[in-house]
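Engineer: File target_37.cif follows (mmCIF, C-alpha atoms):
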data_my_file
loop_
_atom_site.label_atom_id
_atom_site.label_comp_id
_atom_site.auth_asym_id
_atom_site.auth_seq_id
_atom_site.Cartn_x
_atom_site.Cartn_y
_atom_site.Cartn_z
CA MET A 1 114.41 90.99 103.40
CA ILE A 2 115.88 88.33 105.66
CA LEU A 3 113.97 86.52 108.40
CA HIS A 4 116.07 86.14 111.53
CA ILE A 5 114.89 83.48 113.98
CA LEU A 6 115.86 83.64 117.66
CA ASN A 7 115.18 80.88 120.21
CA ARG A 8 116.91 82.29 123.29
CA ALA A 9 115.50 84.59 125.95
CA PRO A 10 117.33 87.90 126.42
CA GLY A 11 117.67 87.12 130.13
CA THR A 12 119.70 83.95 129.57
CA SER A 13 121.74 84.64 126.45
CA LEU A 14 123.31 87.64 124.79
CA VAL A 15 122.90 86.09 121.33
CA TYR A 16 120.02 88.50 120.73
CA ARG A 17 122.57 91.33 120.51
CA ASP A 18 124.43 89.60 117.68
CA ALA A 19 121.15 88.80 115.95
CA LEU A 20 120.19 92.49 116.11
CA ALA A 21 123.64 93.50 114.88
CA GLY A 22 123.20 91.17 111.91
CA MET A 23 119.87 92.67 110.85
CA GLY A 24 119.48 94.98 107.88
CA PRO A 25 116.94 97.83 107.90
CA GLU A 26 114.19 95.72 106.27
CA ASP A 27 114.91 92.44 108.05
CA ARG A 28 112.42 90.83 110.41
CA LEU A 29 112.96 89.01 113.70
CA LEU A 30 110.83 86.06 114.81
CA LEU A 31 111.01 84.89 118.43
CA ILE A 32 110.42 81.16 118.94
CA GLU A 33 110.83 78.66 121.79
CA ASP A 34 112.38 80.41 124.85
CA GLY A 35 112.91 83.41 122.60
CA VAL A 36 109.25 84.36 123.10
CA LEU A 37 110.13 85.58 126.60
CA GLY A 38 111.58 88.58 124.80
CA ALA A 39 108.05 89.54 123.71
CA LEU A 40 106.93 90.31 127.27
CA PRO A 41 106.43 94.01 128.05
CA ALA A 42 109.23 93.88 130.63
CA GLN A 43 111.71 92.41 128.09
CA VAL A 44 110.77 93.93 124.78
CA ARG A 45 113.03 96.95 125.32
CA HIS A 46 115.95 94.70 124.31
CA PHE A 47 114.50 94.70 120.79
CA THR A 48 113.94 98.45 120.50
CA PRO A 49 115.74 98.83 117.14
CA VAL A 50 113.36 96.36 115.44
CA LEU A 51 110.07 96.85 117.28
CA ASP A 52 108.24 97.49 114.02
CA ARG A 53 109.56 94.17 112.65
CA LEU A 54 109.28 91.93 115.69
CA PHE A 55 107.23 88.72 115.62
CA ALA A 56 106.59 85.97 118.17
CA LEU A 57 105.30 82.45 117.65
CA ARG A 58 101.80 81.96 119.08
CA GLU A 59 102.18 78.25 119.87
CA ASP A 60 105.32 78.84 121.93
CA LEU A 61 103.67 81.71 123.81
CA ALA A 62 100.56 79.62 124.47
CA ALA A 63 102.57 76.63 125.73
CA ARG A 64 104.19 78.93 128.29
CA GLY A 65 100.94 80.57 129.33
CA LEU A 66 102.15 83.82 127.80
CA GLU A 67 99.64 84.31 125.00
CA GLY A 68 97.90 87.59 125.67
CA HIS A 69 100.82 88.79 127.78
CA CYS A 70 102.88 90.12 124.89
CA ASP A 71 103.80 93.72 124.42
CA ALA A 72 101.36 95.41 122.03
CA THR A 73 104.11 96.16 119.52
CA VAL A 74 104.86 92.46 118.95
CA GLN A 75 103.12 90.79 116.02
CA VAL A 76 101.99 87.31 117.04
CA VAL A 77 101.94 84.66 114.31
CA ASP A 78 101.07 80.95 114.37
CA VAL A 79 103.24 78.31 112.70
CA ASP A 80 101.40 78.84 109.42
CA GLY A 81 102.40 82.50 109.70
CA PHE A 82 105.95 81.37 110.45
CA VAL A 83 106.05 79.53 107.10
CA GLU A 84 104.55 82.59 105.43
CA LEU A 85 107.33 84.76 106.87
CA THR A 86 109.90 82.38 105.39
CA GLU A 87 108.11 82.58 102.01
CA GLU A 88 108.33 86.36 102.06
CA ALA A 89 111.99 86.42 103.08
CA ASP A 90 114.91 85.86 100.69
CA LYS A 91 116.48 83.56 103.29
CA THR A 92 116.46 82.78 106.98
CA VAL A 93 119.17 82.98 109.64
CA SER A 94 118.69 81.05 112.89
CA TRP A 95 120.46 82.39 115.99
CA PHE A 96 120.87 80.25 119.10
CA MET B 1 123.51 100.14 102.83
CA GLU B 2 127.11 99.21 102.13
CA SER B 3 126.02 95.86 100.68
CA GLN B 4 127.63 96.76 97.36
CA ASP B 5 131.11 96.54 98.82
CA ALA B 6 130.36 93.81 101.35
CA PRO B 7 132.18 90.53 100.78
CA ARG B 8 129.86 88.33 98.74
CA GLY B 9 129.76 84.57 98.45
CA ASP B 10 127.79 81.35 98.44
CA LEU B 11 128.08 80.57 102.12
CA LEU B 12 128.73 82.60 105.25
CA VAL B 13 129.50 80.51 108.33
CA ILE B 14 129.16 82.43 111.59
CA LEU B 15 131.13 80.83 114.42
CA ARG B 16 129.87 81.97 117.81
CA HIS B 17 131.24 79.27 120.11
CA PRO B 18 134.73 79.10 121.61
CA PRO B 19 136.87 75.97 121.15
CA HIS B 20 136.75 72.86 123.40
CA GLY B 21 133.56 73.56 125.40
CA THR B 22 131.27 72.21 122.67
CA SER B 23 131.68 70.80 119.19
CA TRP B 24 129.88 73.75 117.55
CA LEU B 25 133.08 75.36 116.36
CA ARG B 26 134.40 72.15 114.84
CA ASP B 27 131.04 71.36 113.25
CA GLY B 28 130.81 74.84 111.76
CA LEU B 29 134.34 74.61 110.39
CA ASP B 30 133.55 71.19 108.90
CA ALA B 31 130.56 72.67 107.07
CA ALA B 32 132.75 75.47 105.74
CA LEU B 33 135.48 73.07 104.57
CA VAL B 34 133.02 70.78 102.80
CA ALA B 35 131.36 73.71 101.04
CA ALA B 36 134.76 74.98 99.92
CA ALA B 37 135.72 71.48 98.72
CA PHE B 38 132.52 71.59 96.63
CA GLY B 39 133.80 74.72 94.95
CA GLN B 40 131.65 77.25 96.82
CA SER B 41 132.97 80.61 97.89
CA VAL B 42 132.93 80.56 101.68
CA SER B 43 133.38 83.35 104.22
CA LEU B 44 133.89 82.87 107.94
CA LEU B 45 132.83 85.31 110.62
CA PHE B 46 134.12 84.72 114.15
CA GLN B 47 131.58 86.37 116.41
CA GLY B 48 131.10 86.70 120.17
CA ASP B 49 133.15 84.18 122.16
CA GLY B 50 133.85 82.45 118.82
CA VAL B 51 136.71 84.93 118.34
CA LEU B 52 138.68 82.75 120.78
CA ALA B 53 139.03 80.22 117.96
CA LEU B 54 141.65 82.61 116.58
CA HIS B 55 143.60 82.99 119.82
CA PRO B 56 147.18 81.69 119.49
CA GLY B 57 148.66 78.94 121.65
CA GLN B 58 145.72 76.53 121.80
CA GLY B 59 146.38 72.90 122.65
CA SER B 60 144.45 69.68 122.87
CA GLY B 61 141.90 69.14 125.61
CA ALA B 62 141.32 66.45 128.20
CA LEU B 63 141.91 62.87 127.00
CA GLY B 64 143.51 64.28 123.88
CA GLN B 65 140.32 66.00 122.72
CA LYS B 66 141.20 67.49 119.38
CA GLY B 67 141.10 71.23 119.13
CA THR B 68 140.31 73.32 116.09
CA ALA B 69 143.54 75.27 115.63
CA ALA B 70 144.97 72.68 113.21
CA THR B 71 141.80 72.90 111.10
CA LEU B 72 142.05 76.67 111.02
CA GLU B 73 145.59 76.41 109.71
CA MET B 74 144.24 74.39 106.77
CA LEU B 75 141.72 77.00 105.66
CA GLY B 76 144.09 78.44 103.09
CA MET B 77 144.47 75.03 101.44
CA TYR B 78 140.72 75.03 100.92
CA ASP B 79 140.80 78.54 99.47
CA ILE B 80 138.90 79.95 102.42
CA GLU B 81 140.55 83.32 102.72
CA ALA B 82 137.61 85.56 103.57
CA LEU B 83 138.00 85.66 107.36
CA PHE B 84 136.23 88.24 109.49
CA VAL B 85 136.20 88.85 113.20
CA ASP B 86 133.70 90.65 115.40
CA ALA B 87 135.48 93.85 116.51
CA ASP B 88 133.22 94.36 119.56
CA ALA B 89 133.93 90.84 120.80
CA LEU B 90 137.68 91.36 120.47
CA ALA B 91 137.37 94.53 122.54
CA ARG B 92 135.20 92.79 125.15
CA LEU B 93 137.81 90.04 125.56
CA GLU B 94 140.70 92.51 125.31
CA LEU B 95 142.23 90.68 122.36
CA ALA B 96 144.16 92.50 119.69
CA ALA B 97 143.20 91.91 116.06
CA ASP B 98 146.87 91.81 115.05
CA ALA B 99 147.75 89.14 117.63
CA LEU B 100 145.43 86.43 116.27
CA MET B 101 146.75 83.16 114.82
CA LEU B 102 145.29 84.03 111.41
CA SER B 103 144.73 87.37 109.88
CA ALA B 104 141.05 88.29 109.93
CA GLU B 105 139.39 91.59 109.12
CA PRO B 106 137.62 93.21 112.10
CA VAL B 107 133.99 94.08 111.26
CA ASP B 108 131.32 96.17 112.97
CA ALA B 109 127.56 95.61 113.07
CA THR B 110 126.83 97.46 109.82
CA ARG B 111 129.31 95.41 107.91
CA THR B 112 128.09 92.19 109.53
CA ALA B 113 124.53 92.91 108.38
CA ALA B 114 125.76 93.70 104.88
CA MET B 115 127.75 90.46 104.78
CA ILE B 116 124.74 88.42 105.87
CA ALA B 117 122.72 90.03 103.08
CA ALA B 118 125.45 89.41 100.51
CA HIS B 119 125.77 85.63 100.99
CA ARG B 120 123.25 83.23 99.53
CA LEU B 121 123.27 80.91 102.54
CA VAL B 122 124.12 81.82 106.14
CA LEU B 123 124.70 79.15 108.79
CA VAL B 124 125.24 80.03 112.45
CA PHE B 125 127.15 77.64 114.70
CA MET C 1 108.73 76.33 96.90
CA ARG C 2 111.26 73.69 97.78
CA TYR C 3 112.19 73.65 101.46
CA ALA C 4 114.85 71.83 103.43
CA LEU C 5 115.41 71.83 107.19
CA LEU C 6 118.59 71.55 109.23
CA VAL C 7 117.97 70.07 112.69
CA GLN C 8 120.75 70.31 115.28
CA GLY C 9 118.99 69.65 118.59
CA ALA C 10 118.60 66.30 120.33
CA PRO C 11 115.02 65.08 120.78
CA TYR C 12 113.61 65.24 124.32
CA SER C 13 116.50 67.44 125.49
CA GLN C 14 115.66 70.51 123.46
CA GLN C 15 112.64 71.93 121.72
CA ALA C 16 114.41 72.07 118.34
CA SER C 17 113.07 68.72 117.08
CA HIS C 18 109.49 69.55 118.06
CA SER C 19 109.79 72.99 116.48
CA ALA C 20 111.20 71.51 113.29
CA LEU C 21 108.48 68.87 113.00
CA ARG C 22 105.76 71.41 113.61
CA PHE C 23 107.29 73.66 110.97
CA ALA C 24 107.70 70.71 108.57
CA ARG C 25 104.01 69.87 108.79
CA ALA C 26 103.05 73.50 108.22
CA VAL C 27 105.35 73.71 105.19
CA VAL C 28 103.66 70.79 103.44
CA ALA C 29 100.20 71.95 104.55
CA ARG C 30 100.84 75.20 102.69
CA GLY C 31 101.53 73.26 99.52
CA HIS C 32 105.32 73.44 99.50
CA THR C 33 107.70 70.58 98.87
CA LEU C 34 109.80 69.55 101.85
CA SER C 35 112.56 67.78 100.03
CA SER C 36 114.87 66.88 102.92
CA VAL C 37 115.62 67.20 106.58
CA PHE C 38 119.32 67.13 107.44
CA PHE C 39 120.27 66.07 110.96
CA TYR C 40 123.59 67.42 112.26
CA HIS C 41 125.33 67.75 115.64
CA ASP C 42 123.05 66.28 118.39
CA GLY C 43 120.19 66.36 115.88
CA VAL C 44 121.32 62.93 114.71
CA TYR C 45 119.67 61.40 117.81
CA ASN C 46 116.34 62.02 116.06
CA ALA C 47 117.24 58.96 114.00
CA ALA C 48 117.66 56.60 116.98
CA ARG C 49 115.92 53.36 115.98
CA LEU C 50 115.70 52.19 119.59
CA ALA C 51 114.11 55.34 121.01
CA ALA C 52 111.33 54.31 123.37
CA PRO C 53 109.68 57.40 124.83
CA PRO C 54 106.75 57.08 127.27
CA GLN C 55 103.46 56.45 125.47
CA ASP C 56 101.99 59.80 126.41
CA GLU C 57 104.83 61.67 124.71
CA PRO C 58 105.27 62.20 120.97
CA HIS C 59 107.51 59.61 119.34
CA LEU C 60 109.81 61.91 117.41
CA PRO C 61 111.75 59.36 115.33
CA ASP C 62 108.42 57.80 114.27
CA ALA C 63 107.03 61.25 113.46
CA TRP C 64 109.95 61.87 111.08
CA CYS C 65 109.35 58.48 109.44
CA GLU C 66 105.70 59.41 109.00
CA LEU C 67 106.73 62.62 107.28
CA HIS C 68 108.89 60.57 104.93
CA ALA C 69 106.06 58.08 104.24
CA GLN C 70 103.48 60.75 103.54
CA HIS C 71 105.51 63.34 101.70
CA GLY C 72 108.65 61.60 100.50
CA THR C 73 110.87 63.88 102.57
CA MET C 74 114.39 62.48 102.69
CA LEU C 75 115.80 62.03 106.19
CA LEU C 76 119.53 62.66 105.90
CA VAL C 77 121.82 62.05 108.87
CA CYS C 78 125.37 63.40 108.96
CA ILE C 79 127.55 60.30 109.10
CA ALA C 80 130.41 61.99 110.97
CA SER C 81 128.08 63.26 113.72
CA ALA C 82 126.19 59.95 113.83
CA LEU C 83 129.08 57.48 114.11
CA ARG C 84 130.62 59.42 116.98
CA ARG C 85 127.31 59.24 118.83
CA GLY C 86 126.66 55.54 118.26
CA LEU C 87 124.10 55.84 115.47
CA LEU C 88 125.06 53.19 112.91
CA ASP C 89 123.04 51.55 110.17
CA GLU C 90 123.48 47.84 109.38
CA ARG C 91 126.35 48.47 107.00
CA GLU C 92 128.31 50.69 109.37
CA ALA C 93 127.60 48.36 112.29
CA ALA C 94 129.09 45.47 110.33
CA ARG C 95 132.01 47.58 109.22
CA HIS C 96 132.82 48.53 112.81
CA GLY C 97 132.18 45.03 114.20
CA LYS C 98 129.13 46.03 116.25
CA SER C 99 126.49 43.47 117.16
CA GLY C 100 123.47 45.63 116.45
CA HIS C 101 122.47 48.65 114.44
CA SER C 102 120.81 51.75 115.82
CA LEU C 103 119.67 53.55 112.68
CA GLU C 104 117.67 52.25 109.74
CA PRO C 105 115.80 53.52 106.68
CA PRO C 106 114.12 55.83 105.94
CA PHE C 107 116.96 57.60 107.80
CA GLU C 108 120.07 57.62 105.62
CA LEU C 109 123.66 58.21 106.68
CA THR C 110 125.23 60.72 104.37
CA GLY C 111 128.01 63.28 104.12
CA LEU C 112 127.94 66.93 104.99
CA GLY C 113 128.15 67.65 101.27
CA GLN C 114 124.43 66.83 101.08
CA LEU C 115 123.69 69.76 103.36
CA ILE C 116 125.66 72.06 101.08
CA ASP C 117 123.75 70.63 98.09
CA LEU C 118 120.44 71.33 99.83
CA GLY C 119 121.46 74.89 100.48
CA GLN C 120 122.03 75.26 96.77
CA ALA C 121 119.11 73.25 95.40
CA CYS C 122 116.31 74.41 97.72
CA ASP C 123 114.57 77.77 97.82
CA ARG C 124 114.66 77.85 101.62
CA LEU C 125 116.85 76.15 104.19
CA VAL C 126 115.55 76.73 107.71
CA THR C 127 117.67 75.75 110.72
CA PHE C 128 116.39 74.53 114.09
CA SER C 129 119.17 74.51 116.69
CA PRO C 130 119.08 73.73 120.39
#
Take the structure I supplied and represent it as C-alpha cells, if you would.
Structural biologist:
Amino acid sequence: MILHILNRAPGTSLVYRDALAGMGPEDRLLLIEDGVLGALPAQVRHFTPVLDRLFALREDLAARGLEGHCDATVQVVDVDGFVELTEEADKTVSWF
Amino acid sequence: MESQDAPRGDLLVILRHPPHGTSWLRDGLDAALVAAAFGQSVSLLFQGDGVLALHPGQGSGALGQKGTAATLEMLGMYDIEALFVDADALARLELAADALMLSAEPVDATRTAAMIAAHRLVLVF
Amino acid sequence: MRYALLVQGAPYSQQASHSALRFARAVVARGHTLSSVFFYHDGVYNAARLAAPPQDEPHLPDAWCELHAQHGTMLLVCIASALRRGLLDEREAARHGKSGHSLEPPFELTGLGQLIDLGQACDRLVTFSP
C-alpha cells in the first residue's frame, strides 16, 4: 500500500486527476494544506474512485474553519495519524 | 494488477511541469541524473504538461535562460533509457508520440499505477 | 523507523515548511528517528541565516535548528539550488568573493547525491512541496 499525499484543491489544480491515476487498488490518499478543500461535501465527488481510502488532515481543516464540514466518507486524521499512515504504507508519493 | 510486467527500478521521477516556466523540470532531471550517476536504475515519466519537455524545437529562454532539451539528449549517456509519457496528456495537447524528440513509451493510468508500485522511491516534480 | 524529509517550498510563501516541521515533530514524538531534512528548489530559503520574521510569527529557520539540536537531525541544503538563490556559507562566500555569508551550521551545503542516499538509507522519505 502506498500513501499518496495531495496539497492542491481540485478547484485550482488538476493534479488530483494524475494522483488518482497513479493510485493502485489498495493505495490511500491523504489531503493536506489546500488539498483539504477536496474533503468538502461539494468537492468530494472528484475523489469518487477512492472514497473508501480518502483521508484529510485535521489541523489543516481546523485552520481553515472546515473541521466538522467534511463529507462523512472522509476519514479525518491529525498529524500523529499522518505519521501513522506513513508507517503503514510501503512508501509515500507527494503530488503538488 | 499488471505490476509483474511493469518497469521496475530504484527511482521513478515524475515530471509534471513544462520547460521554462519554472525550474521544476530541470530540478527533477537533475535528481534523475544524479541517481543514475550513483548507479541506480532510474525511470522517467513525463506526465501532464510535463510532456512538453519532449516536444522538438525548443530553444533558450529570455536572457539566455537555459532550457532542458540539451539535458534530455544526455539521458542515454547516463543509462537512463526507461522513458514513459502520459498518453492522455499527449492527446490533450494534440501531440503525437512518434513526433517527440526522444522515444518514450506512452502509458495509461493502469500502467502508471503499476510503475509507481514497482519503484522503490518515487519523486514528483 | 528511519525517516527523512524533502522540503521544496519557501518559508512564508508556502505552507510546505510549516507542514514539514509539524510532521517532523510528530515523527520524533512517535519514537522514530528523523535522520535528515533535505532542502531543494525554493526549500533552500529555510536555511536563510538572516531571516527576520515578525516576532508573532514562527521563526522557521530557528525551528529547524532546534530540531537539529534536540534530535540530531541533519539539515542538508542542495548546493546547486542554494548558490543560485544567494544562500552561501562562509566557505562559498569566500570562494565567490562575497562580503558576507547567508547560511551557517547546522545547515550544511551538500550535493543532490545526499538526497539519493537518503532515499536508499531511510525507511521513509516524505516530500513537502509548495
Engineer: Residues within 9 Å of Pro41 of chain A, please, as JSON, numbers by chain. Count all atoms listed in the file; anything in the same chain fewer than 5 positions from it doesn't count.
Structural biologist: {"A": [69, 70, 71, 72]}
Engineer: I'd like to know which of A:Asp90, A:Asp80, A:Asp60, A:Asp34 is closest to chain B, using all atoms listed in the file.
Structural biologist: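 Checking each of A:Asp90, A:Asp80, A:Asp60, A:Asp34 against chain B, counting all atoms listed in the file, the winner is A:Asp90.
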Engineer: Could you check the closest approach to chain A for each of C:Ala52, C:Leu5, C:Leu34, C:Leu125 and tell me which residue wins, using all atoms listed in the file?
Structural biologist: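 Smallest distance to chain A is found for C:Leu125.
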Engineer: Which neighbours of Phe82 of chain A fall inside 12 Å, counting only C-alpha atoms, when residues of the same chain fewer than 5 positions from it are skipped, and could you give them as a JSON list (two decimals) with C-alpha atoms, in the coordinates of the input?
Structural biologist:
[["chain", "number", "residue", "atom", "x", "y", "z"],
["A", 3, "LEU", "CA", 113.97, 86.52, 108.40],
["A", 4, "HIS", "CA", 116.07, 86.14, 111.53],
["A", 5, "ILE", "CA", 114.89, 83.48, 113.98],
["A", 28, "ARG", "CA", 112.42, 90.83, 110.41],
["A", 29, "LEU", "CA", 112.96, 89.01, 113.70],
["A", 30, "LEU", "CA", 110.83, 86.06, 114.81],
["A", 31, "LEU", "CA", 111.01, 84.89, 118.43],
["A", 32, "ILE", "CA", 110.42, 81.16, 118.94],
["A", 55, "PHE", "CA", 107.23, 88.72, 115.62],
["A", 56, "ALA", "CA", 106.59, 85.97, 118.17],
["A", 57, "LEU", "CA", 105.30, 82.45, 117.65],
["A", 58, "ARG", "CA", 101.80, 81.96, 119.08],
["A", 59, "GLU", "CA", 102.18, 78.25, 119.87],
["A", 60, "ASP", "CA", 105.32, 78.84, 121.93],
["A", 75, "GLN", "CA", 103.12, 90.79, 116.02],
["A", 76, "VAL", "CA", 101.99, 87.31, 117.04],
["A", 77, "VAL", "CA", 101.94, 84.66, 114.31],
["A", 87, "GLU", "CA", 108.11, 82.58, 102.01],
["A", 88, "GLU", "CA", 108.33, 86.36, 102.06],
["A", 89, "ALA", "CA", 111.99, 86.42, 103.08],
["A", 92, "THR", "CA", 116.46, 82.78, 106.98],
["C", 19, "SER", "CA", 109.79, 72.99, 116.48],
["C", 20, "ALA", "CA", 111.20, 71.51, 113.29],
["C", 22, "ARG", "CA", 105.76, 71.41, 113.61],
["C", 23, "PHE", "CA", 107.29, 73.66, 110.97],
["C", 24, "ALA", "CA", 107.70, 70.71, 108.57],
["C", 25, "ARG", "CA", 104.01, 69.87, 108.79],
["C", 26, "ALA", "CA", 103.05, 73.50, 108.22],
["C", 27, "VAL", "CA", 105.35, 73.71, 105.19],
["C", 30, "ARG", "CA", 100.84, 75.20, 102.69],
["C", 126, "VAL", "CA", 115.55, 76.73, 107.71]]
Engineer: For chain A against chain B, with a cut-off of 12 Å and counting all atoms listed in the file, what is the closest atom pair and its distance in Å to one decimal for every residue that makes the cut, ordered by chain and number, as CSV?
Structural biologist:
residue,atom,partner,partner_atom,distance
A:Met1,CA,B:Ala117,CA,8.4
A:Ile2,CA,B:Ala117,CA,7.5
A:Leu3,CA,B:Ala117,CA,10.8
A:His4,CA,B:Ile116,CA,10.6
A:Ile5,CA,B:Val124,CA,11.0
A:Leu6,CA,B:Val124,CA,11.3
A:Ser13,CA,B:Gly48,CA,11.5
A:Leu14,CA,B:Gly48,CA,9.1
A:Val15,CA,B:Gly48,CA,8.3
A:Tyr16,CA,B:Gly48,CA,11.2
A:Arg17,CA,B:Gly48,CA,9.7
A:Asp18,CA,B:Gly48,CA,7.7
A:Ala19,CA,B:Ala113,CA,9.3
A:Leu20,CA,B:Ala109,CA,8.6
A:Ala21,CA,B:Ala109,CA,4.8
A:Gly22,CA,B:Ala113,CA,4.2
A:Met23,CA,B:Ala113,CA,5.3
A:Gly24,CA,B:Ala113,CA,5.5
A:Pro25,CA,B:Met1,CA,8.6
A:Glu26,CA,B:Ala117,CA,10.7
A:Asp27,CA,B:Ala117,CA,9.6
A:Ala89,CA,B:Ala117,CA,11.3
A:Asp90,CA,B:Arg120,CA,8.8
A:Lys91,CA,B:Leu121,CA,7.3
A:Thr92,CA,B:Val122,CA,7.8
A:Val93,CA,B:Val122,CA,6.2
A:Ser94,CA,B:Val124,CA,6.6
A:Trp95,CA,B:Val124,CA,6.4
A:Phe96,CA,B:Val124,CA,8.0
Engineer: Using the chain letters and numbers from the file, which residues does the PyMOL selection byres ((chain C and resi 59) around 12) grab, as number ranges by chain?
Structural biologist: C: 11-12, 17-18, 21, 46-58, 60-66
Engineer: Counting only C-alpha atoms, which residues in chain B sit no more than 8 Å from chain C? For each one, give the nearest pair of atoms and the distance in Å, sorted by chain then residue number, as CSV.
Structural biologist:
residue,atom,partner,partner_atom,distance
B:Ser23,CA,C:His41,CA,7.9
B:Trp24,CA,C:His41,CA,7.8
B:Asp27,CA,C:His41,CA,7.2
B:Ala31,CA,C:Leu112,CA,6.6
B:Val34,CA,C:Gly113,CA,6.0
B:Ala35,CA,C:Ile116,CA,5.9
B:Phe38,CA,C:Gly113,CA,7.5
B:Leu121,CA,C:Gly119,CA,6.6
Engineer: Could you tell me how far atom CA of Tyr78 of chain B sits from atom CA of Ala37 of chain B, in Å to one decimal place?
Structural biologist: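 So the two atoms, atom CA of Ala37 of chain B and atom CA of Tyr78 of chain B, lie 6.5 Å apart.
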Engineer: If I take atom CA of Gly76 of chain B and atom CA of Leu76 of chain C, how far is one from the other in Å, to one decimal?
Structural biologist: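 Distance between the two atoms: 29.3 Å.
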Engineer: Can you work out which one of C:Leu87, C:Leu75, C:Ala121, C:Ala94 has the shortest atom-to-atom distance to Pro106 of chain C, counting only C-alpha atoms?
Structural biologist: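 For Pro106 of chain C, the nearest of the given residues is C:Leu75.
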Engineer: Apply the PyMOL selection byres ((chain B and resi 69) around 9) to the structure shown and report the selected residues as a list in words.
Structural biologist: Pro19, Ala53, Leu54, His55, Pro56, Gly57, Gln58, Gly59, Lys66, Gly67, Thr68, Ala70, Thr71, Leu72, Glu73, Met74 and Met101 of chain B
Engineer: Record the distance separating atom CA of Ile80 of chain B and atom CA of Arg2 of chain C, expressed in Å with one decimal.
Structural biologist: 28.7 Å
Engineer: Please enumerate the residues selected by the PyMOL selection byres ((chain B and resi 43) around 6) when evaluated against the supplied file, formatted as a list in words.
Structural biologist: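 Matching residues under the PyMOL selection byres ((chain B and resi 43) around 6) are Leu12, Val42, Leu44 and Ala82 of chain B.
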Engineer: Could you list, as a short mmCIF file (atom, residue, chain, number, x, y, z; two decimals) with C-alpha atoms, in the coordinates of the input, every residue within 9 Å of Gly72 of chain C, counting only C-alpha atoms and ignoring same-chain residues fewer than 5 positions away?
Structural biologist:
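Writing done, so here's around.cif:
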data_model
loop_
_atom_site.label_atom_id
_atom_site.label_comp_id
_atom_site.auth_asym_id
_atom_site.auth_seq_id
_atom_site.Cartn_x
_atom_site.Cartn_y
_atom_site.Cartn_z
CA LEU C 34 109.80 69.55 101.85
CA SER C 35 112.56 67.78 100.03
CA SER C 36 114.87 66.88 102.92
CA LEU C 67 106.73 62.62 107.28
#
Engineer: Using all atoms listed in the file, can you tell me which of A:Leu66, A:Pro49, A:Val83, A:Leu40 comes closest to chain C?
Structural biologist: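 Of A:Leu66, A:Pro49, A:Val83, A:Leu40, the one nearest chain C is A:Val83, counting all atoms listed in the file.
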Engineer: Smallest atom-to-atom distance to chain C: which of A:Arg53, A:Ala9, A:Ala63, A:Glu33, using all atoms listed in the file?
Structural biologist: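 For chain C, the nearest of the given residues is A:Glu33.
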